[in-house]
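A.B. asks: Input structure.cif, format and content: mmCIF, C-alpha atoms.
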```cif
data_start
#
loop_
_atom_site.label_atom_id
_atom_site.label_comp_id
_atom_site.auth_asym_id
_atom_site.auth_seq_id
_atom_site.Cartn_x
_atom_site.Cartn_y
_atom_site.Cartn_z
CA MET A 9 0.00 0.00 0.00
CA VAL A 10 1.42 3.41 -0.95
CA MET A 11 1.79 6.21 1.60
CA LYS A 12 -1.05 8.73 1.66
CA VAL A 13 -0.27 12.43 2.06
CA TYR A 14 -3.28 14.50 3.10
CA GLY A 15 -3.06 18.12 2.01
CA ASP A 16 -3.08 20.67 -0.77
CA GLU A 17 -0.17 21.11 -3.17
CA MET A 18 -0.16 24.89 -2.70
CA SER A 19 0.72 24.54 1.00
CA ALA A 20 4.44 25.03 1.63
CA CYS A 21 4.37 22.42 4.41
CA VAL A 22 2.73 19.87 2.11
CA ALA A 23 5.30 20.71 -0.60
CA LEU A 24 8.11 19.81 1.84
CA VAL A 25 6.74 16.28 2.09
CA LEU A 26 6.16 15.94 -1.67
CA LEU A 27 9.71 17.16 -2.39
CA CYS A 28 11.08 14.55 0.00
CA LEU A 29 9.03 11.76 -1.60
CA HIS A 30 10.19 12.76 -5.09
CA GLU A 31 13.85 12.93 -3.97
CA LYS A 32 13.38 9.36 -2.74
CA ASN A 33 11.59 8.24 -5.98
CA THR A 34 8.83 6.86 -3.78
CA GLU A 35 5.24 6.40 -4.87
CA PHE A 36 2.54 8.06 -2.86
CA GLU A 37 -1.07 9.16 -3.12
CA LEU A 38 -1.96 12.81 -2.50
CA VAL A 39 -5.40 12.96 -0.87
CA PRO A 40 -6.71 16.51 -1.43
CA VAL A 41 -7.88 18.48 1.62
CA ASN A 42 -9.87 21.55 0.62
CA LEU A 43 -8.30 24.33 2.71
CA PHE A 44 -10.64 27.04 1.42
CA ALA A 45 -13.63 24.96 2.59
CA CYS A 46 -11.82 24.38 5.93
CA HIS A 47 -11.85 20.62 5.57
CA HIS A 48 -8.66 20.55 7.67
CA LYS A 49 -10.80 21.64 10.65
CA LEU A 50 -13.32 18.80 10.30
CA PRO A 51 -13.31 15.93 12.83
CA SER A 52 -12.20 13.45 10.16
CA PHE A 53 -9.00 15.44 9.62
CA LEU A 54 -8.53 16.41 13.29
CA SER A 55 -8.35 12.70 14.11
CA MET A 56 -5.12 12.67 12.05
CA ASN A 57 -3.79 16.09 13.17
CA PRO A 58 -5.43 17.52 16.28
CA PHE A 59 -3.94 20.93 15.43
CA GLY A 60 -6.00 21.03 12.23
CA GLN A 61 -3.17 21.74 9.78
CA VAL A 62 -1.84 20.06 6.67
CA PRO A 63 -0.02 17.82 5.93
CA ALA A 64 -0.79 14.51 7.58
CA LEU A 65 0.70 11.18 6.48
CA GLN A 66 -0.69 7.68 6.66
CA ASP A 67 1.68 4.76 6.14
CA GLU A 68 -0.18 1.54 6.92
CA ASP A 69 -1.04 1.82 10.60
CA LEU A 70 1.20 4.86 11.26
CA THR A 71 -0.39 8.31 11.17
CA LEU A 72 1.92 11.32 11.45
CA PHE A 73 1.62 15.09 11.42
CA GLU A 74 4.26 17.90 11.44
CA SER A 75 5.94 18.18 8.03
CA ARG A 76 9.53 17.95 9.37
CA ALA A 77 8.74 14.81 11.40
CA ILE A 78 7.24 13.36 8.20
CA THR A 79 10.29 14.22 6.07
CA ALA A 80 12.59 12.75 8.75
CA TYR A 81 10.52 9.52 8.73
CA ILE A 82 10.53 9.23 4.92
CA ALA A 83 14.25 10.02 4.73
CA GLU A 84 15.02 7.34 7.34
CA LYS A 85 12.63 4.69 5.99
CA TYR A 86 14.06 5.04 2.48
CA LYS A 87 17.62 5.88 3.51
CA ASP A 88 19.09 3.41 1.02
CA LYS A 89 17.07 4.78 -1.90
CA GLY A 90 17.21 7.99 -3.94
CA THR A 91 19.03 11.09 -2.62
CA ASP A 92 20.84 10.71 0.70
CA LEU A 93 18.97 13.42 2.60
CA THR A 94 20.36 12.77 6.08
CA ARG A 95 24.04 11.66 5.70
CA HIS A 96 23.02 8.71 7.86
CA GLU A 97 26.25 6.75 7.43
CA ASP A 98 28.30 9.29 9.40
CA SER A 99 26.85 10.31 12.76
CA LYS A 100 28.74 13.62 12.87
CA GLU A 101 27.66 14.62 9.36
CA ALA A 102 24.11 13.59 10.31
CA ALA A 103 24.33 15.90 13.35
CA ILE A 104 25.32 18.84 11.13
CA VAL A 105 22.29 18.13 8.91
CA LYS A 106 20.11 18.26 12.03
CA LEU A 107 21.79 21.49 13.17
CA TRP A 108 20.97 23.32 9.93
CA SER A 109 17.47 21.82 9.91
CA GLU A 110 16.98 23.40 13.34
CA VAL A 111 18.38 26.70 12.02
CA GLU A 112 15.70 26.62 9.29
CA ALA A 113 12.97 25.86 11.82
CA HIS A 114 13.97 28.41 14.47
CA HIS A 115 15.70 31.26 12.60
CA PHE A 116 14.71 31.23 8.92
CA ASN A 117 11.14 29.99 9.00
CA PRO A 118 9.57 32.31 11.63
CA ALA A 119 10.91 35.38 9.79
CA VAL A 120 10.13 34.30 6.21
CA SER A 121 6.68 32.90 7.14
CA ALA A 122 5.71 36.16 8.80
CA VAL A 123 6.65 38.12 5.65
CA ILE A 124 4.88 35.66 3.31
CA HIS A 125 1.80 35.72 5.51
CA GLN A 126 1.55 39.51 5.42
CA LEU A 127 2.42 40.01 1.74
CA VAL A 128 0.76 36.97 0.16
CA VAL A 129 -1.90 35.49 2.44
CA VAL A 130 -3.38 38.60 4.09
CA PRO A 131 -4.20 40.33 0.74
CA LEU A 132 -5.88 37.14 -0.47
CA GLN A 133 -8.05 37.03 2.62
CA GLY A 134 -9.14 40.54 1.65
CA GLU A 135 -10.12 41.78 5.11
CA GLU A 136 -7.03 43.64 6.27
CA SER A 137 -4.01 45.37 4.80
CA PRO A 138 -0.55 43.93 5.28
CA ASN A 139 1.02 45.04 8.55
CA ALA A 140 4.06 47.04 7.45
CA THR A 141 5.67 46.91 10.91
CA ILE A 142 5.57 43.11 11.00
CA VAL A 143 6.99 42.98 7.45
CA GLU A 144 9.81 45.39 8.28
CA GLU A 145 10.75 43.70 11.55
CA ASN A 146 10.85 40.27 9.96
CA LEU A 147 12.74 41.40 6.86
CA LYS A 148 15.44 42.72 9.21
CA LYS A 149 15.57 39.34 10.99
CA LEU A 150 15.66 37.55 7.66
CA GLU A 151 18.55 39.73 6.45
CA LYS A 152 20.61 38.71 9.50
CA VAL A 153 19.83 35.03 8.92
CA LEU A 154 20.76 35.28 5.24
CA ASP A 155 24.03 37.01 6.18
CA VAL A 156 24.90 33.89 8.23
CA TYR A 157 23.88 31.71 5.27
CA GLU A 158 26.02 33.80 2.86
CA GLU A 159 29.05 33.19 5.04
CA ARG A 160 28.26 29.48 5.49
CA LEU A 161 27.70 28.92 1.76
CA GLY A 162 31.07 30.52 1.09
CA LYS A 163 32.58 27.45 2.80
CA THR A 164 30.19 24.65 1.78
CA LYS A 165 28.12 24.05 -1.35
CA TYR A 166 25.00 23.26 0.68
CA LEU A 167 24.10 24.21 4.23
CA ALA A 168 25.18 20.98 5.93
CA GLY A 169 28.16 20.24 3.69
CA ASP A 170 28.87 19.32 0.12
CA SER A 171 25.67 17.44 -0.59
CA TYR A 172 21.97 18.36 -0.71
CA THR A 173 20.12 17.28 2.43
CA LEU A 174 16.91 17.89 4.35
CA ALA A 175 18.55 21.03 5.76
CA ASP A 176 18.35 22.58 2.26
CA LEU A 177 15.07 20.92 1.24
CA HIS A 178 13.15 22.42 4.17
CA HIS A 179 13.83 25.91 2.82
CA VAL A 180 12.63 25.38 -0.72
CA PRO A 181 8.87 26.09 -0.78
CA TYR A 182 9.27 29.08 1.52
CA ILE A 183 12.04 30.65 -0.57
CA TYR A 184 9.92 29.99 -3.68
CA TYR A 185 7.01 31.97 -2.23
CA PHE A 186 9.33 34.65 -0.81
CA MET A 187 10.88 35.21 -4.27
CA LYS A 188 7.40 36.13 -5.54
CA THR A 189 7.25 39.11 -3.16
CA SER A 190 8.90 42.46 -3.87
CA HIS A 191 11.79 41.57 -1.52
CA ALA A 192 13.51 38.92 -3.65
CA CYS A 193 16.59 41.18 -3.57
CA LEU A 194 17.39 39.77 -0.11
CA VAL A 195 18.32 36.57 -1.92
CA ASN A 196 19.51 38.05 -5.22
CA ASP A 197 21.90 40.51 -3.57
CA ARG A 198 23.76 37.70 -1.78
CA PRO A 199 25.75 35.83 -4.46
CA LYS A 200 26.27 32.59 -2.54
CA VAL A 201 22.66 32.43 -1.31
CA LYS A 202 21.46 33.23 -4.85
CA ALA A 203 23.60 30.47 -6.39
CA TRP A 204 22.39 28.02 -3.73
CA TRP A 205 18.75 28.92 -4.40
CA GLU A 206 19.22 28.52 -8.17
CA ASP A 207 20.69 25.08 -7.55
CA LEU A 208 17.82 24.07 -5.25
CA CYS A 209 15.09 25.14 -7.63
CA SER A 210 16.68 23.41 -10.60
CA ARG A 211 16.43 19.99 -8.97
CA PRO A 212 14.05 17.58 -10.80
CA ALA A 213 12.05 16.97 -7.61
CA PHE A 214 11.31 20.69 -7.35
CA VAL A 215 10.40 20.98 -11.02
CA ARG A 216 7.71 18.36 -10.28
CA VAL A 217 6.41 20.13 -7.15
CA SER A 218 6.56 23.82 -8.14
CA PRO A 219 3.52 23.82 -10.48
CA GLY A 220 1.39 23.12 -7.41
CA LEU A 221 2.73 26.15 -5.49
CA THR A 222 0.07 28.49 -6.81
CA VAL A 223 -0.55 30.94 -3.97
CA ALA A 224 0.30 34.39 -5.29
CA PRO A 225 -0.13 37.93 -4.05
CA PRO A 226 -2.77 39.83 -5.98
CA ALA A 227 -1.44 42.04 -8.77
CA THR A 228 -0.84 45.62 -7.64
CA ASN A 229 -0.94 48.78 -9.72
CA MET B 30 36.43 13.08 26.60
CA VAL B 31 34.03 15.37 28.44
CA VAL B 32 31.57 17.38 26.34
CA LYS B 33 31.94 21.15 26.76
CA VAL B 34 28.64 22.99 26.93
CA TYR B 35 28.80 26.75 26.46
CA GLY B 36 25.71 28.15 28.14
CA PHE B 37 23.90 29.63 31.09
CA LEU B 38 22.27 27.48 33.77
CA GLN B 39 19.08 29.49 33.97
CA ALA B 40 18.43 29.67 30.20
CA ALA B 41 15.92 27.24 28.69
CA CYS B 42 17.90 25.99 25.71
CA PRO B 43 21.08 25.03 27.63
CA GLN B 44 18.81 23.40 30.25
CA ARG B 45 17.32 21.20 27.52
CA VAL B 46 20.79 19.87 26.65
CA LEU B 47 21.93 19.44 30.26
CA LEU B 48 18.73 17.55 31.09
CA CYS B 49 19.45 15.13 28.24
CA PHE B 50 23.01 14.63 29.50
CA LEU B 51 21.74 13.96 33.04
CA GLU B 52 19.19 11.42 31.72
CA LYS B 53 21.89 9.68 29.68
CA ASP B 54 24.69 9.87 32.33
CA ILE B 55 26.86 11.79 29.85
CA GLU B 56 29.73 13.69 31.47
CA PHE B 57 29.85 17.35 30.63
CA GLU B 58 31.63 20.55 31.58
CA LEU B 59 29.48 23.68 31.64
CA ILE B 60 31.35 26.78 30.54
CA HIS B 61 29.47 29.85 31.67
CA VAL B 62 28.47 32.36 28.98
CA ASP B 63 27.18 35.42 30.79
CA LEU B 64 23.94 36.47 29.08
CA ASN B 65 23.59 39.43 31.46
CA THR B 66 26.72 41.06 30.01
CA LEU B 67 25.79 40.00 26.46
CA GLU B 68 28.75 37.66 26.23
CA HIS B 69 26.73 35.57 23.75
CA LYS B 70 26.79 38.45 21.24
CA LYS B 71 30.55 38.93 21.38
CA PRO B 72 32.93 37.74 18.63
CA GLU B 73 34.38 34.82 20.63
CA HIS B 74 30.96 33.25 21.12
CA LEU B 75 29.74 34.14 17.62
CA LEU B 76 32.49 31.85 16.32
CA ARG B 77 30.74 28.99 18.15
CA GLN B 78 27.17 30.09 17.42
CA PRO B 79 26.77 32.61 14.56
CA PHE B 80 23.25 33.58 15.66
CA GLY B 81 24.58 34.70 19.06
CA GLN B 82 22.61 32.25 21.22
CA VAL B 83 23.27 29.51 23.75
CA PRO B 84 24.01 26.62 23.95
CA ALA B 85 26.91 25.49 21.78
CA ILE B 86 28.88 22.30 22.40
CA GLU B 87 32.40 21.09 21.68
CA ASP B 88 33.10 17.36 21.74
CA GLY B 89 36.56 16.68 20.34
CA ASP B 90 36.40 17.87 16.75
CA LEU B 91 32.58 18.05 16.71
CA LYS B 92 31.08 21.46 17.23
CA LEU B 93 27.30 21.78 17.35
CA TYR B 94 24.63 24.29 18.22
CA GLU B 95 20.79 24.27 18.22
CA SER B 96 19.71 22.46 21.40
CA ARG B 97 17.29 20.05 19.66
CA ALA B 98 19.99 18.95 17.16
CA ILE B 99 22.30 18.34 20.14
CA LEU B 100 19.57 16.29 21.87
CA ARG B 101 19.09 14.10 18.82
CA TYR B 102 22.82 13.51 18.25
CA TYR B 103 23.56 12.44 21.83
CA SER B 104 20.37 10.41 22.22
CA THR B 105 21.45 8.46 19.12
CA LYS B 106 25.15 8.24 20.02
CA TYR B 107 24.37 6.94 23.52
CA ALA B 108 21.24 4.98 22.63
CA ASP B 109 22.28 2.13 24.92
CA GLN B 110 23.28 4.30 27.87
CA GLY B 111 20.92 5.81 30.44
CA THR B 112 17.28 6.49 29.51
CA ASP B 113 16.23 5.55 25.97
CA LEU B 114 14.95 8.93 24.81
CA LEU B 115 14.37 8.15 21.12
CA GLY B 116 12.07 5.16 20.79
CA LYS B 117 13.06 1.71 19.53
CA THR B 118 11.40 1.36 16.13
CA LEU B 119 11.33 3.72 13.15
CA GLU B 120 7.61 4.30 13.78
CA GLN B 121 8.12 5.08 17.50
CA ARG B 122 10.91 7.51 16.60
CA ALA B 123 8.61 9.21 14.09
CA ILE B 124 6.02 9.82 16.83
CA VAL B 125 8.76 11.23 19.10
CA ASP B 126 9.79 13.54 16.22
CA GLN B 127 6.17 14.57 15.68
CA TRP B 128 5.80 15.77 19.27
CA MET B 129 9.24 17.41 19.25
CA GLU B 130 8.09 19.36 16.19
CA THR B 131 4.88 20.19 18.05
CA GLU B 132 6.98 21.71 20.84
CA THR B 133 8.88 23.82 18.27
CA ASN B 134 5.92 24.96 16.16
CA TYR B 135 3.19 25.33 18.77
CA PHE B 136 4.33 25.37 22.41
CA ASN B 137 7.62 27.25 21.88
CA ALA B 138 6.37 29.46 19.05
CA VAL B 139 3.46 30.68 21.19
CA GLY B 140 5.23 30.58 24.55
CA LEU B 141 8.47 32.36 23.65
CA PRO B 142 6.88 35.82 23.15
CA ILE B 143 5.24 35.41 26.59
CA VAL B 144 8.60 34.68 28.24
CA ILE B 145 10.35 37.47 26.31
CA ASN B 146 7.77 40.03 27.40
CA LEU B 147 7.25 38.93 31.01
CA VAL B 148 10.79 37.83 31.91
CA VAL B 149 13.45 39.11 29.48
CA LYS B 150 12.24 42.62 28.66
CA PRO B 151 11.87 43.68 32.32
CA ARG B 152 15.49 42.64 32.92
CA LEU B 153 16.59 44.76 29.97
CA GLY B 154 14.42 47.68 31.07
CA GLU B 155 12.28 47.42 27.95
CA PRO B 156 8.50 47.89 27.87
CA CYS B 157 6.31 44.76 27.89
CA ASP B 158 3.63 44.21 25.23
CA PHE B 159 0.84 43.04 27.53
CA ALA B 160 -1.70 42.81 24.69
CA LEU B 161 0.57 40.36 22.88
CA VAL B 162 1.00 38.35 26.09
CA GLU B 163 -2.79 38.01 26.44
CA GLU B 164 -3.13 36.99 22.79
CA GLN B 165 -0.44 34.36 23.13
CA LYS B 166 -1.91 33.02 26.39
CA ALA B 167 -5.28 32.53 24.64
CA LYS B 168 -3.51 30.55 21.89
CA MET B 169 -1.66 28.51 24.50
CA GLU B 170 -4.96 27.45 26.10
CA LYS B 171 -6.00 25.87 22.78
CA ILE B 172 -2.64 24.15 22.42
CA PHE B 173 -2.92 22.76 25.95
CA ASP B 174 -6.38 21.41 25.10
CA VAL B 175 -4.74 19.25 22.42
CA TYR B 176 -2.10 18.07 24.88
CA GLU B 177 -4.78 17.33 27.51
CA ASN B 178 -6.57 15.11 25.03
CA ARG B 179 -3.37 13.36 23.98
CA LEU B 180 -2.31 12.69 27.58
CA ALA B 181 -5.73 11.22 28.42
CA THR B 182 -4.77 8.10 26.47
CA ASN B 183 -0.97 8.24 26.63
CA ARG B 184 1.20 8.32 29.72
CA TYR B 185 3.76 10.44 27.88
CA LEU B 186 3.46 12.47 24.68
CA ALA B 187 4.92 9.79 22.39
CA GLY B 188 3.37 6.80 24.19
CA ASP B 189 4.25 4.70 27.21
CA GLU B 190 7.79 5.91 27.78
CA PHE B 191 9.46 9.22 28.66
CA THR B 192 11.29 10.46 25.54
CA LEU B 193 12.79 13.59 24.00
CA ALA B 194 9.21 14.58 23.16
CA ASP B 195 8.55 15.20 26.88
CA LEU B 196 12.06 16.35 27.79
CA THR B 197 12.18 19.09 25.17
CA HIS B 198 9.13 20.78 26.75
CA MET B 199 10.42 20.90 30.28
CA PRO B 200 12.51 24.11 30.41
CA GLY B 201 9.66 26.03 28.75
CA LEU B 202 7.07 24.49 31.04
CA ARG B 203 9.11 25.62 34.03
CA TYR B 204 8.41 29.19 32.88
CA THR B 205 4.71 28.29 32.47
CA MET B 206 4.59 27.06 36.07
CA ASN B 207 6.57 29.97 37.50
CA GLU B 208 7.38 33.41 36.09
CA THR B 209 4.62 33.75 33.49
CA GLY B 210 1.67 33.38 35.86
CA SER B 211 0.21 30.56 33.73
CA SER B 212 0.41 27.61 36.13
CA SER B 213 -3.39 27.34 36.30
CA MET B 214 -3.36 26.44 32.58
CA VAL B 215 -1.62 23.22 33.64
CA THR B 216 -3.18 22.59 37.05
CA SER B 217 -6.71 23.00 35.67
CA ARG B 218 -6.15 20.20 33.13
CA PRO B 219 -5.99 16.87 35.02
CA ASN B 220 -3.97 14.90 32.42
CA LEU B 221 -1.55 17.73 31.69
CA ASN B 222 -1.13 18.24 35.46
CA ARG B 223 -0.50 14.53 36.03
CA TRP B 224 2.09 14.49 33.24
CA TRP B 225 3.92 17.62 34.48
CA ASN B 226 4.00 16.28 38.06
CA GLU B 227 5.41 12.98 36.86
CA ILE B 228 8.13 14.35 34.56
CA SER B 229 9.19 17.10 36.98
CA ALA B 230 9.67 14.46 39.69
CA ARG B 231 12.40 12.76 37.64
CA PRO B 232 15.80 12.78 39.40
CA SER B 233 17.44 14.42 36.36
CA TRP B 234 15.05 17.39 36.54
CA LYS B 235 15.54 17.77 40.29
CA LYS B 236 19.31 17.72 39.80
CA LEU B 237 19.06 20.35 37.05
CA MET B 238 16.89 22.60 39.23
CA GLU B 239 19.43 22.24 42.05
CA MET B 240 22.25 23.24 39.67
CA ALA B 241 20.23 26.22 38.39
CA ALA B 242 19.61 27.38 42.00
CA TYR B 243 16.39 29.32 41.44
#
```
Re-express the file's structure as structure tokens.
C.D. replies:
Amino acid sequence: MVMKVYGDEMSACVALVLLCLHEKNTEFELVPVNLFACHHKLPSFLSMNPFGQVPALQDEDLTLFESRAITAYIAEKYKDKGTDLTRHEDSKEAAIVKLWSEVEAHHFNPAVSAVIHQLVVVPLQGEESPNATIVEENLKKLEKVLDVYEERLGKTKYLAGDSYTLADLHHVPYIYYFMKTSHACLVNDRPKVKAWWEDLCSRPAFVRVSPGLTVAPPATN
Amino acid sequence: MVVKVYGFLQAACPQRVLLCFLEKDIEFELIHVDLNTLEHKKPEHLLRQPFGQVPAIEDGDLKLYESRAILRYYSTKYADQGTDLLGKTLEQRAIVDQWMETETNYFNAVGLPIVINLVVKPRLGEPCDFALVEEQKAKMEKIFDVYENRLATNRYLAGDEFTLADLTHMPGLRYTMNETGSSSMVTSRPNLNRWWNEISARPSWKKLMEMAAY
């Protein structure tokens, strides 16, 4: 029985899981969850993720939520197949992958998500205007994070070393959406970060996932 | 060789690492980084942790930061020593990961602004955003409802055994039960209260609290 991923392709968190599955050349079934109709808040979905968010994963009798727990599970289950996403054969290299995965979760993601939420999601909801203070504060935080990345990527090709791992993968959908805002210069003005991003988004797995990432800010005059 | 931990005994993230070491009987040397004098923002520490935070560790030629990455490395390295904090099967480990991610994305994400405003800003002489604190506390109530439900049918977050999923919450929960005036959020929920009482009675936690000398 193939794994089932419950979610919507336009969700960045769902895209993380799909990217991981494609990097591992693993079959799966995407079970659509209609976010606009709030199906992720229905009891049938809450029984899989009590926090009412996508994605959720079912693999035989295992049900999981939290996208980064799901990618870690897939990467471990299929560690001998497809791209080596965890450097599992060397415990110290594996630790460095985990370090930069934590950096993404605690430093990069809170800042970039806040900006994407204000500039992409809030206009689509149509009730409020983007909060310029939140955008400015988080762009400043993001600049500091990307300065650390620029220095790191001057020493290694990817964040955790010389090969692509989960530490890089976890950034991809968020950077994709961020590059659609008017602040793409934060990436483009940092040569190493820019080169790293261009590498990440040229990977075949991403070429398969990116058509589903359809959330876009409304056109402005 | 003894692991060097650069940190501060009363800060949550170093506590997370020290608690793991105490559970696993891993010898360590704590090297004090004085947060009060902003030692963590100075060049010498930035070489260890480029984001200017604690903890960082040195173990021979391995240098690591990010407390949860440190937890995972040592829990794996010393899987057969001390408490098994990871789970035995791939599926059990996935559930541990799920609840560790829940701590990051829900409990910590919502709780950290509360701690920053009620504990850190007063120390720095900065004004507290009380409206934000109230907003975050309301969100925390909903998060605790999910935990209450989970702990009704599970002794610990990931199942029958104490794991990293429980451990990773403990330094933050200490703030919940003390400085942030939120202890009733725990004591009013019977399962959450039972769980907190059980995990905070562990010898490793008592030893850590003794070392931190609150």
A.B. asks: Please evaluate the PyMOL selection byres ((chain A) within 10 of (chain B)) against the displayed coordinates and give the resulting residues as an MDAnalysis selection string.
C.D. replies: chainID A and resid 57:59 67 69:82 84:85 99:111 113:115 118 152:153 155:157 159:160
A.B. asks: Go ahead and write the selection's residues with C-alpha atoms as a PDB file, in the frame of the given file.
C.D. replies:
```pdb
ATOM      1  CA  ASN A  57      -3.790  16.090  13.170  1.00  0.00           C
ATOM      2  CA  PRO A  58      -5.430  17.520  16.280  1.00  0.00           C
ATOM      3  CA  PHE A  59      -3.940  20.930  15.430  1.00  0.00           C
ATOM      4  CA  ASP A  67       1.680   4.760   6.140  1.00  0.00           C
ATOM      5  CA  ASP A  69      -1.040   1.820  10.600  1.00  0.00           C
ATOM      6  CA  LEU A  70       1.200   4.860  11.260  1.00  0.00           C
ATOM      7  CA  THR A  71      -0.390   8.310  11.170  1.00  0.00           C
ATOM      8  CA  LEU A  72       1.920  11.320  11.450  1.00  0.00           C
ATOM      9  CA  PHE A  73       1.620  15.090  11.420  1.00  0.00           C
ATOM     10  CA  GLU A  74       4.260  17.900  11.440  1.00  0.00           C
ATOM     11  CA  SER A  75       5.940  18.180   8.030  1.00  0.00           C
ATOM     12  CA  ARG A  76       9.530  17.950   9.370  1.00  0.00           C
ATOM     13  CA  ALA A  77       8.740  14.810  11.400  1.00  0.00           C
ATOM     14  CA  ILE A  78       7.240  13.360   8.200  1.00  0.00           C
ATOM     15  CA  THR A  79      10.290  14.220   6.070  1.00  0.00           C
ATOM     16  CA  ALA A  80      12.590  12.750   8.750  1.00  0.00           C
ATOM     17  CA  TYR A  81      10.520   9.520   8.730  1.00  0.00           C
ATOM     18  CA  ILE A  82      10.530   9.230   4.920  1.00  0.00           C
ATOM     19  CA  GLU A  84      15.020   7.340   7.340  1.00  0.00           C
ATOM     20  CA  LYS A  85      12.630   4.690   5.990  1.00  0.00           C
ATOM     21  CA  SER A  99      26.850  10.310  12.760  1.00  0.00           C
ATOM     22  CA  LYS A 100      28.740  13.620  12.870  1.00  0.00           C
ATOM     23  CA  GLU A 101      27.660  14.620   9.360  1.00  0.00           C
ATOM     24  CA  ALA A 102      24.110  13.590  10.310  1.00  0.00           C
ATOM     25  CA  ALA A 103      24.330  15.900  13.350  1.00  0.00           C
ATOM     26  CA  ILE A 104      25.320  18.840  11.130  1.00  0.00           C
ATOM     27  CA  VAL A 105      22.290  18.130   8.910  1.00  0.00           C
ATOM     28  CA  LYS A 106      20.110  18.260  12.030  1.00  0.00           C
ATOM     29  CA  LEU A 107      21.790  21.490  13.170  1.00  0.00           C
ATOM     30  CA  TRP A 108      20.970  23.320   9.930  1.00  0.00           C
ATOM     31  CA  SER A 109      17.470  21.820   9.910  1.00  0.00           C
ATOM     32  CA  GLU A 110      16.980  23.400  13.340  1.00  0.00           C
ATOM     33  CA  VAL A 111      18.380  26.700  12.020  1.00  0.00           C
ATOM     34  CA  ALA A 113      12.970  25.860  11.820  1.00  0.00           C
ATOM     35  CA  HIS A 114      13.970  28.410  14.470  1.00  0.00           C
ATOM     36  CA  HIS A 115      15.700  31.260  12.600  1.00  0.00           C
ATOM     37  CA  PRO A 118       9.570  32.310  11.630  1.00  0.00           C
ATOM     38  CA  LYS A 152      20.610  38.710   9.500  1.00  0.00           C
ATOM     39  CA  VAL A 153      19.830  35.030   8.920  1.00  0.00           C
ATOM     40  CA  ASP A 155      24.030  37.010   6.180  1.00  0.00           C
ATOM     41  CA  VAL A 156      24.900  33.890   8.230  1.00  0.00           C
ATOM     42  CA  TYR A 157      23.880  31.710   5.270  1.00  0.00           C
ATOM     43  CA  GLU A 159      29.050  33.190   5.040  1.00  0.00           C
ATOM     44  CA  ARG A 160      28.260  29.480   5.490  1.00  0.00           C
TER      45      ARG A 160
END
```
A.B. asks: For the structure shown, which residues end up in the PyMOL selection byres ((chain B and resi 41-58) around 6)? Put them as a JSON list (two decimals) with C-alpha atoms, in the frame of the given file, please?
C.D. replies:
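Wrote result17.json, looks like this:
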```json
[["chain", "number", "residue", "atom", "x", "y", "z"],
["B", 31, "VAL", "CA", 34.03, 15.37, 28.44],
["B", 32, "VAL", "CA", 31.57, 17.38, 26.34],
["B", 33, "LYS", "CA", 31.94, 21.15, 26.76],
["B", 36, "GLY", "CA", 25.71, 28.15, 28.14],
["B", 40, "ALA", "CA", 18.43, 29.67, 30.20],
["B", 59, "LEU", "CA", 29.48, 23.68, 31.64],
["B", 84, "PRO", "CA", 24.01, 26.62, 23.95],
["B", 96, "SER", "CA", 19.71, 22.46, 21.40],
["B", 110, "GLN", "CA", 23.28, 4.30, 27.87],
["B", 111, "GLY", "CA", 20.92, 5.81, 30.44],
["B", 112, "THR", "CA", 17.28, 6.49, 29.51],
["B", 200, "PRO", "CA", 12.51, 24.11, 30.41],
["B", 233, "SER", "CA", 17.44, 14.42, 36.36]]
```
A.B. asks: Report the residues retrieved by the PyMOL selection byres ((chain B and resi 208-217) around 8) from the displayed file, expressed as a ChimeraX atom specification.
C.D. replies: /B:143-144,147-148,170,173,204-207,218-219,221-222,225
A.B. asks: Just the selected residues (C-alpha atoms), exported as an mmCIF file, in the coordinates of the input, please.
C.D. replies:
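Output file out_22.cif is given in full below:
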```cif
data_model
loop_
_atom_site.group_PDB
_atom_site.id
_atom_site.type_symbol
_atom_site.label_atom_id
_atom_site.label_comp_id
_atom_site.auth_asym_id
_atom_site.auth_seq_id
_atom_site.Cartn_x
_atom_site.Cartn_y
_atom_site.Cartn_z
ATOM 1 C CA ILE B 143 5.240 35.410 26.590
ATOM 2 C CA VAL B 144 8.600 34.680 28.240
ATOM 3 C CA LEU B 147 7.250 38.930 31.010
ATOM 4 C CA VAL B 148 10.790 37.830 31.910
ATOM 5 C CA GLU B 170 -4.960 27.450 26.100
ATOM 6 C CA PHE B 173 -2.920 22.760 25.950
ATOM 7 C CA TYR B 204 8.410 29.190 32.880
ATOM 8 C CA THR B 205 4.710 28.290 32.470
ATOM 9 C CA MET B 206 4.590 27.060 36.070
ATOM 10 C CA ASN B 207 6.570 29.970 37.500
ATOM 11 C CA ARG B 218 -6.150 20.200 33.130
ATOM 12 C CA PRO B 219 -5.990 16.870 35.020
ATOM 13 C CA LEU B 221 -1.550 17.730 31.690
ATOM 14 C CA ASN B 222 -1.130 18.240 35.460
ATOM 15 C CA TRP B 225 3.920 17.620 34.480
#
```
A.B. asks: Would you mind reading off the distance between CA of Val217 (chain A) and CA of Glu151 (chain A), one decimal, in Å?
C.D. replies: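 Spanning CA of Val217 (chain A) to CA of Glu151 (chain A) is a straight-line distance of 26.8 Å.
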A.B. asks: Just to confirm, what's the straight-line distance from CA of Lys165 (chain A) to CA of Leu93 (chain A) in Å (one decimal)?
C.D. replies: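 Straight-line distance from CA of Lys165 (chain A) to CA of Leu93 (chain A) works out to 14.6 Å.
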